[in-house]
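target-v6.pdb (PDB, N, CA and C atoms) appears below.
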```pdb
MODEL        1
ATOM      1  N   MET A  29       3.983 -23.468  25.874
ATOM      2  CA  MET A  29       4.111 -22.483  24.826
ATOM      3  C   MET A  29       3.324 -22.951  23.603
ATOM      4  N   ARG A  30       2.492 -22.068  23.090
ATOM      5  CA  ARG A  30       1.671 -22.414  21.936
ATOM      6  C   ARG A  30       2.402 -22.083  20.648
ATOM      7  N   ARG A  31       2.172 -22.898  19.650
ATOM      8  CA  ARG A  31       2.751 -22.645  18.339
ATOM      9  C   ARG A  31       1.888 -21.632  17.601
ATOM     10  N   PRO A  32       2.493 -20.769  16.787
ATOM     11  CA  PRO A  32       1.689 -19.820  16.007
ATOM     12  C   PRO A  32       0.776 -20.561  15.038
ATOM     13  N   VAL A  33      -0.397 -20.038  14.861
ATOM     14  CA  VAL A  33      -1.372 -20.637  13.965
ATOM     15  C   VAL A  33      -1.261 -19.941  12.618
ATOM     16  N   GLY A  34      -1.237 -20.707  11.530
ATOM     17  CA  GLY A  34      -1.149 -20.148  10.187
ATOM     18  C   GLY A  34      -2.453 -19.489   9.783
ATOM     19  N   PRO A  35      -2.482 -18.898   8.589
ATOM     20  CA  PRO A  35      -3.700 -18.235   8.132
ATOM     21  C   PRO A  35      -4.838 -19.235   7.923
ATOM     22  N   ALA A  36      -6.046 -18.730   8.044
ATOM     23  CA  ALA A  36      -7.221 -19.590   7.841
ATOM     24  C   ALA A  36      -7.225 -20.108   6.406
ATOM     25  N   ARG A  37      -7.763 -21.267   6.228
ATOM     26  CA  ARG A  37      -7.794 -21.882   4.902
ATOM     27  C   ARG A  37      -8.553 -20.990   3.920
ATOM     28  N   GLY A  38      -7.956 -20.791   2.739
ATOM     29  CA  GLY A  38      -8.594 -19.971   1.719
ATOM     30  C   GLY A  38      -8.278 -18.495   1.827
ATOM     31  N   ARG A  39      -7.534 -18.090   2.822
ATOM     32  CA  ARG A  39      -7.182 -16.688   2.981
ATOM     33  C   ARG A  39      -5.702 -16.484   2.703
ATOM     34  N   SER A  40      -5.356 -15.272   2.277
ATOM     35  CA  SER A  40      -3.953 -14.941   2.062
ATOM     36  C   SER A  40      -3.283 -14.739   3.400
ATOM     37  N   PRO A  41      -2.000 -15.063   3.493
ATOM     38  CA  PRO A  41      -1.287 -14.741   4.724
ATOM     39  C   PRO A  41      -1.242 -13.226   4.903
ATOM     40  N   PRO A  42      -1.024 -12.742   6.117
ATOM     41  CA  PRO A  42      -1.058 -11.303   6.346
ATOM     42  C   PRO A  42      -0.011 -10.538   5.532
ATOM     43  N   ASP A  43       1.137 -11.121   5.281
ATOM     44  CA  ASP A  43       2.168 -10.499   4.460
ATOM     45  C   ASP A  43       2.406 -11.405   3.266
ATOM     46  N   ASP A  44       2.301 -10.826   2.081
ATOM     47  CA  ASP A  44       2.363 -11.657   0.892
ATOM     48  C   ASP A  44       2.889 -10.828  -0.269
ATOM     49  N   ARG A  45       3.498 -11.485  -1.244
ATOM     50  CA  ARG A  45       3.896 -10.821  -2.489
ATOM     51  C   ARG A  45       2.859 -11.177  -3.540
ATOM     52  N   LYS A  46       2.437 -10.152  -4.281
ATOM     53  CA  LYS A  46       1.411 -10.350  -5.296
ATOM     54  C   LYS A  46       1.900  -9.777  -6.618
ATOM     55  N   ARG A  47       1.319 -10.272  -7.696
ATOM     56  CA  ARG A  47       1.571  -9.736  -9.026
ATOM     57  C   ARG A  47       0.271  -9.124  -9.529
ATOM     58  N   VAL A  48       0.374  -7.884 -10.002
ATOM     59  CA  VAL A  48      -0.781  -7.165 -10.527
ATOM     60  C   VAL A  48      -0.497  -6.874 -11.995
ATOM     61  N   ASN A  49      -1.407  -7.238 -12.868
ATOM     62  CA  ASN A  49      -1.243  -6.978 -14.293
ATOM     63  C   ASN A  49      -1.946  -5.671 -14.655
ATOM     64  N   HIS A  50      -1.144  -4.662 -15.007
ATOM     65  CA  HIS A  50      -1.676  -3.361 -15.416
ATOM     66  C   HIS A  50      -1.736  -3.339 -16.939
ATOM     67  N   PRO A  51      -2.832  -2.821 -17.524
ATOM     68  CA  PRO A  51      -2.975  -2.886 -18.982
ATOM     69  C   PRO A  51      -1.879  -2.146 -19.751
ATOM     70  N   ALA A  52      -1.333  -1.062 -19.206
ATOM     71  CA  ALA A  52      -0.315  -0.299 -19.929
ATOM     72  C   ALA A  52       1.102  -0.561 -19.424
ATOM     73  N   LEU A  53       1.251  -0.870 -18.147
ATOM     74  CA  LEU A  53       2.587  -1.008 -17.560
ATOM     75  C   LEU A  53       3.071  -2.446 -17.465
ATOM     76  N   GLY A  54       2.185  -3.389 -17.658
ATOM     77  CA  GLY A  54       2.578  -4.788 -17.542
ATOM     78  C   GLY A  54       2.479  -5.275 -16.103
ATOM     79  N   THR A  55       3.290  -6.237 -15.773
ATOM     80  CA  THR A  55       3.219  -6.861 -14.452
ATOM     81  C   THR A  55       3.943  -6.019 -13.404
ATOM     82  N   LEU A  56       3.253  -5.773 -12.302
ATOM     83  CA  LEU A  56       3.825  -5.082 -11.148
ATOM     84  C   LEU A  56       3.931  -6.099 -10.016
ATOM     85  N   GLU A  57       5.096  -6.186  -9.396
ATOM     86  CA  GLU A  57       5.249  -7.054  -8.227
ATOM     87  C   GLU A  57       5.204  -6.166  -6.996
ATOM     88  N   VAL A  58       4.274  -6.488  -6.101
ATOM     89  CA  VAL A  58       4.080  -5.683  -4.900
ATOM     90  C   VAL A  58       4.032  -6.570  -3.665
ATOM     91  N   ASN A  59       4.433  -6.001  -2.555
ATOM     92  CA  ASN A  59       4.254  -6.658  -1.265
ATOM     93  C   ASN A  59       2.935  -6.166  -0.703
ATOM     94  N   CYS A  60       2.204  -7.054  -0.079
ATOM     95  CA  CYS A  60       0.900  -6.726   0.478
ATOM     96  C   CYS A  60       0.934  -6.969   1.981
ATOM     97  N   LEU A  61       0.637  -5.932   2.733
ATOM     98  CA  LEU A  61       0.532  -6.039   4.185
ATOM     99  C   LEU A  61      -0.940  -5.895   4.538
ATOM    100  N   SER A  62      -1.459  -6.828   5.296
ATOM    101  CA  SER A  62      -2.860  -6.833   5.681
ATOM    102  C   SER A  62      -2.973  -6.431   7.151
ATOM    103  N   LEU A  63      -3.692  -5.339   7.404
ATOM    104  CA  LEU A  63      -3.883  -4.848   8.767
ATOM    105  C   LEU A  63      -5.362  -4.952   9.119
ATOM    106  N   LEU A  64      -5.652  -5.517  10.277
ATOM    107  CA  LEU A  64      -7.038  -5.669  10.731
ATOM    108  C   LEU A  64      -7.382  -4.623  11.782
ATOM    109  N   SER A  65      -8.632  -4.175  11.762
ATOM    110  CA  SER A  65      -9.104  -3.281  12.813
ATOM    111  C   SER A  65      -9.200  -4.062  14.121
ATOM    112  N   GLU A  66      -9.353  -3.353  15.212
ATOM    113  CA  GLU A  66      -9.400  -4.013  16.522
ATOM    114  C   GLU A  66     -10.504  -5.057  16.603
ATOM    115  N   ASP A  67     -11.667  -4.744  16.024
ATOM    116  CA  ASP A  67     -12.776  -5.698  16.105
ATOM    117  C   ASP A  67     -12.733  -6.742  14.986
ATOM    118  N   GLY A  68     -11.756  -6.624  14.052
ATOM    119  CA  GLY A  68     -11.596  -7.606  12.999
ATOM    120  C   GLY A  68     -12.600  -7.505  11.870
ATOM    121  N   ARG A  69     -13.411  -6.442  11.862
ATOM    122  CA  ARG A  69     -14.446  -6.318  10.838
ATOM    123  C   ARG A  69     -13.964  -5.578   9.599
ATOM    124  N   GLN A  70     -12.829  -4.899   9.704
ATOM    125  CA  GLN A  70     -12.303  -4.169   8.559
ATOM    126  C   GLN A  70     -10.852  -4.557   8.336
ATOM    127  N   ARG A  71     -10.461  -4.545   7.084
ATOM    128  CA  ARG A  71      -9.089  -4.895   6.714
ATOM    129  C   ARG A  71      -8.541  -3.808   5.797
ATOM    130  N   LEU A  72      -7.331  -3.390   6.068
ATOM    131  CA  LEU A  72      -6.630  -2.448   5.216
ATOM    132  C   LEU A  72      -5.507  -3.196   4.521
ATOM    133  N   LEU A  73      -5.506  -3.161   3.189
ATOM    134  CA  LEU A  73      -4.439  -3.780   2.421
ATOM    135  C   LEU A  73      -3.502  -2.674   1.960
ATOM    136  N   TRP A  74      -2.231  -2.809   2.308
ATOM    137  CA  TRP A  74      -1.234  -1.797   2.006
ATOM    138  C   TRP A  74      -0.243  -2.424   1.032
ATOM    139  N   PHE A  75      -0.202  -1.884  -0.188
ATOM    140  CA  PHE A  75       0.664  -2.407  -1.234
ATOM    141  C   PHE A  75       1.880  -1.506  -1.405
ATOM    142  N   THR A  76       3.065  -2.109  -1.452
ATOM    143  CA  THR A  76       4.307  -1.384  -1.701
ATOM    144  C   THR A  76       5.074  -2.127  -2.781
ATOM    145  N   PRO A  77       5.864  -1.402  -3.592
ATOM    146  CA  PRO A  77       6.631  -2.093  -4.629
ATOM    147  C   PRO A  77       7.619  -3.072  -4.012
ATOM    148  N   ALA A  78       7.740  -4.237  -4.611
ATOM    149  CA  ALA A  78       8.654  -5.263  -4.102
ATOM    150  C   ALA A  78      10.098  -4.838  -4.379
ATOM    151  N   PRO A  79      10.971  -4.940  -3.372
ATOM    152  CA  PRO A  79      12.378  -4.593  -3.579
ATOM    153  C   PRO A  79      13.012  -5.489  -4.646
ATOM    154  N   GLY A  80      13.928  -4.906  -5.403
ATOM    155  CA  GLY A  80      14.634  -5.682  -6.412
ATOM    156  C   GLY A  80      13.868  -5.864  -7.706
ATOM    157  N   THR A  81      12.734  -5.177  -7.852
ATOM    158  CA  THR A  81      11.951  -5.258  -9.082
ATOM    159  C   THR A  81      11.870  -3.862  -9.699
ATOM    160  N   ASP A  82      11.343  -3.787 -10.905
ATOM    161  CA  ASP A  82      11.169  -2.485 -11.545
ATOM    162  C   ASP A  82       9.803  -1.864 -11.227
ATOM    163  N   SER A  83       9.085  -2.413 -10.278
ATOM    164  CA  SER A  83       7.737  -1.956  -9.959
ATOM    165  C   SER A  83       7.702  -0.538  -9.409
ATOM    166  N   ALA A  84       8.702  -0.137  -8.631
ATOM    167  CA  ALA A  84       8.723   1.221  -8.084
ATOM    168  C   ALA A  84       8.785   2.238  -9.221
ATOM    169  N   GLY A  85       9.637   1.983 -10.208
ATOM    170  CA  GLY A  85       9.733   2.887 -11.357
ATOM    171  C   GLY A  85       8.442   2.933 -12.156
ATOM    172  N   LYS A  86       7.806   1.787 -12.314
ATOM    173  CA  LYS A  86       6.537   1.739 -13.050
ATOM    174  C   LYS A  86       5.455   2.517 -12.311
ATOM    175  N   LEU A  87       5.420   2.415 -10.983
ATOM    176  CA  LEU A  87       4.418   3.151 -10.208
ATOM    177  C   LEU A  87       4.685   4.653 -10.245
ATOM    178  N   GLU A  88       5.961   5.048 -10.261
ATOM    179  CA  GLU A  88       6.292   6.469 -10.397
ATOM    180  C   GLU A  88       5.832   6.979 -11.759
ATOM    181  N   LEU A  89       6.046   6.188 -12.802
ATOM    182  CA  LEU A  89       5.580   6.558 -14.137
ATOM    183  C   LEU A  89       4.065   6.695 -14.154
ATOM    184  N   LEU A  90       3.384   5.793 -13.509
ATOM    185  CA  LEU A  90       1.929   5.837 -13.455
ATOM    186  C   LEU A  90       1.440   7.105 -12.761
ATOM    187  N   ALA A  91       2.148   7.545 -11.719
ATOM    188  CA  ALA A  91       1.768   8.770 -11.017
ATOM    189  C   ALA A  91       1.881   9.993 -11.928
ATOM    190  N   VAL A  92       2.809   9.968 -12.873
ATOM    191  CA  VAL A  92       3.033  11.104 -13.767
ATOM    192  C   VAL A  92       2.081  11.075 -14.958
ATOM    193  N   VAL A  93       1.910   9.921 -15.575
ATOM    194  CA  VAL A  93       1.139   9.835 -16.819
ATOM    195  C   VAL A  93      -0.159   9.055 -16.661
ATOM    196  N   GLY A  94      -0.591   8.825 -15.454
ATOM    197  CA  GLY A  94      -1.775   7.996 -15.209
ATOM    198  C   GLY A  94      -3.013   8.449 -15.940
ATOM    199  N   THR A  95      -3.309   9.752 -15.921
ATOM    200  CA  THR A  95      -4.521  10.217 -16.604
ATOM    201  C   THR A  95      -4.378  10.119 -18.112
ATOM    202  N   GLN A  96      -3.163  10.290 -18.625
ATOM    203  CA  GLN A  96      -2.943  10.157 -20.069
ATOM    204  C   GLN A  96      -3.110   8.707 -20.512
ATOM    205  N   LEU A  97      -2.647   7.758 -19.686
ATOM    206  CA  LEU A  97      -2.805   6.351 -20.017
ATOM    207  C   LEU A  97      -4.279   5.961 -20.072
ATOM    208  N   ALA A  98      -5.096   6.587 -19.221
ATOM    209  CA  ALA A  98      -6.519   6.263 -19.178
ATOM    210  C   ALA A  98      -7.231   6.703 -20.453
ATOM    211  N   GLU A  99      -6.666   7.688 -21.166
ATOM    212  CA  GLU A  99      -7.302   8.216 -22.366
ATOM    213  C   GLU A  99      -6.902   7.475 -23.632
ATOM    214  N   ILE A 100      -5.917   6.557 -23.565
ATOM    215  CA  ILE A 100      -5.467   5.831 -24.744
ATOM    216  C   ILE A 100      -6.545   4.830 -25.139
ATOM    217  N   PRO A 101      -7.022   4.907 -26.396
ATOM    218  CA  PRO A 101      -8.042   3.937 -26.817
ATOM    219  C   PRO A 101      -7.457   2.535 -26.891
ATOM    220  N   ARG A 102      -8.234   1.562 -26.548
ATOM    221  CA  ARG A 102      -7.790   0.158 -26.567
ATOM    222  C   ARG A 102      -8.526  -0.602 -27.616
TER
ENDMDL
END
```
Before we go any further, please render this structure as structure tokens.
Amino acid sequence: MRRPVGPARGRSPPDDRKRVNHPALGTLEVNCLSLLSEDGRQRLLWFTPAPGTDSAGKLELLAVVGTQLAEIPR
């Protein structure tokens, strides 16, 4: 029986929690799922709000006021 091999050096594991800093909403904690195509040449990164954080509410707010936030001068 072979042992599972970890991710290649320098690469993120296929499932990971990440922090994204949004200029208006602050820090968002998201889970990242990495899916590879059959030939391994393409990768789809699927981000979902991390459970137990306020990130889901922040993303819902962004869906409602996203274009308005983009117009705020910085």
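Here CA of Glu57 in chain A and CA of Ala78 in chain A stand 5.6 Å from one another.
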Exercise for review: Counting all atoms listed in the file, figure out which residue out of A:Ala91, A:Leu53, A:Leu61, A:Val48 gets nearest to Trp74 in chain A.
Suggested key: A:Leu61
Practice item. Kindly give the distance, in Å, that separates atom C of Lys86 in chain A and CA of Leu64 in chain A, rounded to a single decimal. Key: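 Interatomic distance here is 27.5 Å.
DSSP, applied to the backbone of this structure, assigns strand (DSSP E) to the following residues of range 46-78 of chain A: Lys46, Arg47, Val48, Asn49, His50, Gly54, Thr55, Leu56, Glu57, Val58, Asn59, Cys60, Leu61, Ser62, Leu63, Leu64, Arg71, Leu72, Leu73, Trp74, Phe75, Thr76 and Pro77 of chain A.
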Review point. Hey, can you check how far atom C of Val92 in chain A sits from atom C of Val58 in chain A?
Key: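 Value for the atom C of Val92 in chain A-atom C of Val58 in chain A distance: 21.0 Å.
Proximity ranking of A:Thr81, A:Thr76, A:Gln96, A:Leu89 relative to Asn59 in chain A places A:Thr76 first, based on only C-alpha atoms.
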Got a sec to resolve the PyMOL selection byres ((chain A and resi 73) around 6.5) on this structure and send the residues as an mmCIF file with N, CA and C atoms, keeping the file's coordinate frame?
```
data_model
loop_
_atom_site.group_PDB
_atom_site.id
_atom_site.type_symbol
_atom_site.label_atom_id
_atom_site.label_comp_id
_atom_site.auth_asym_id
_atom_site.auth_seq_id
_atom_site.Cartn_x
_atom_site.Cartn_y
_atom_site.Cartn_z
ATOM 1 N N CYS A 60 2.204 -7.054 -0.079
ATOM 2 C CA CYS A 60 0.900 -6.726 0.478
ATOM 3 C C CYS A 60 0.934 -6.969 1.981
ATOM 4 N N LEU A 61 0.637 -5.932 2.733
ATOM 5 C CA LEU A 61 0.532 -6.039 4.185
ATOM 6 C C LEU A 61 -0.940 -5.895 4.538
ATOM 7 N N SER A 62 -1.459 -6.828 5.296
ATOM 8 C CA SER A 62 -2.860 -6.833 5.681
ATOM 9 C C SER A 62 -2.973 -6.431 7.151
ATOM 10 N N LEU A 63 -3.692 -5.339 7.404
ATOM 11 C CA LEU A 63 -3.883 -4.848 8.767
ATOM 12 C C LEU A 63 -5.362 -4.952 9.119
ATOM 13 N N ARG A 71 -10.461 -4.545 7.084
ATOM 14 C CA ARG A 71 -9.089 -4.895 6.714
ATOM 15 C C ARG A 71 -8.541 -3.808 5.797
ATOM 16 N N LEU A 72 -7.331 -3.390 6.068
ATOM 17 C CA LEU A 72 -6.630 -2.448 5.216
ATOM 18 C C LEU A 72 -5.507 -3.196 4.521
ATOM 19 N N TRP A 74 -2.231 -2.809 2.308
ATOM 20 C CA TRP A 74 -1.234 -1.797 2.006
ATOM 21 C C TRP A 74 -0.243 -2.424 1.032
ATOM 22 N N PHE A 75 -0.202 -1.884 -0.188
ATOM 23 C CA PHE A 75 0.664 -2.407 -1.234
ATOM 24 C C PHE A 75 1.880 -1.506 -1.405
#
```
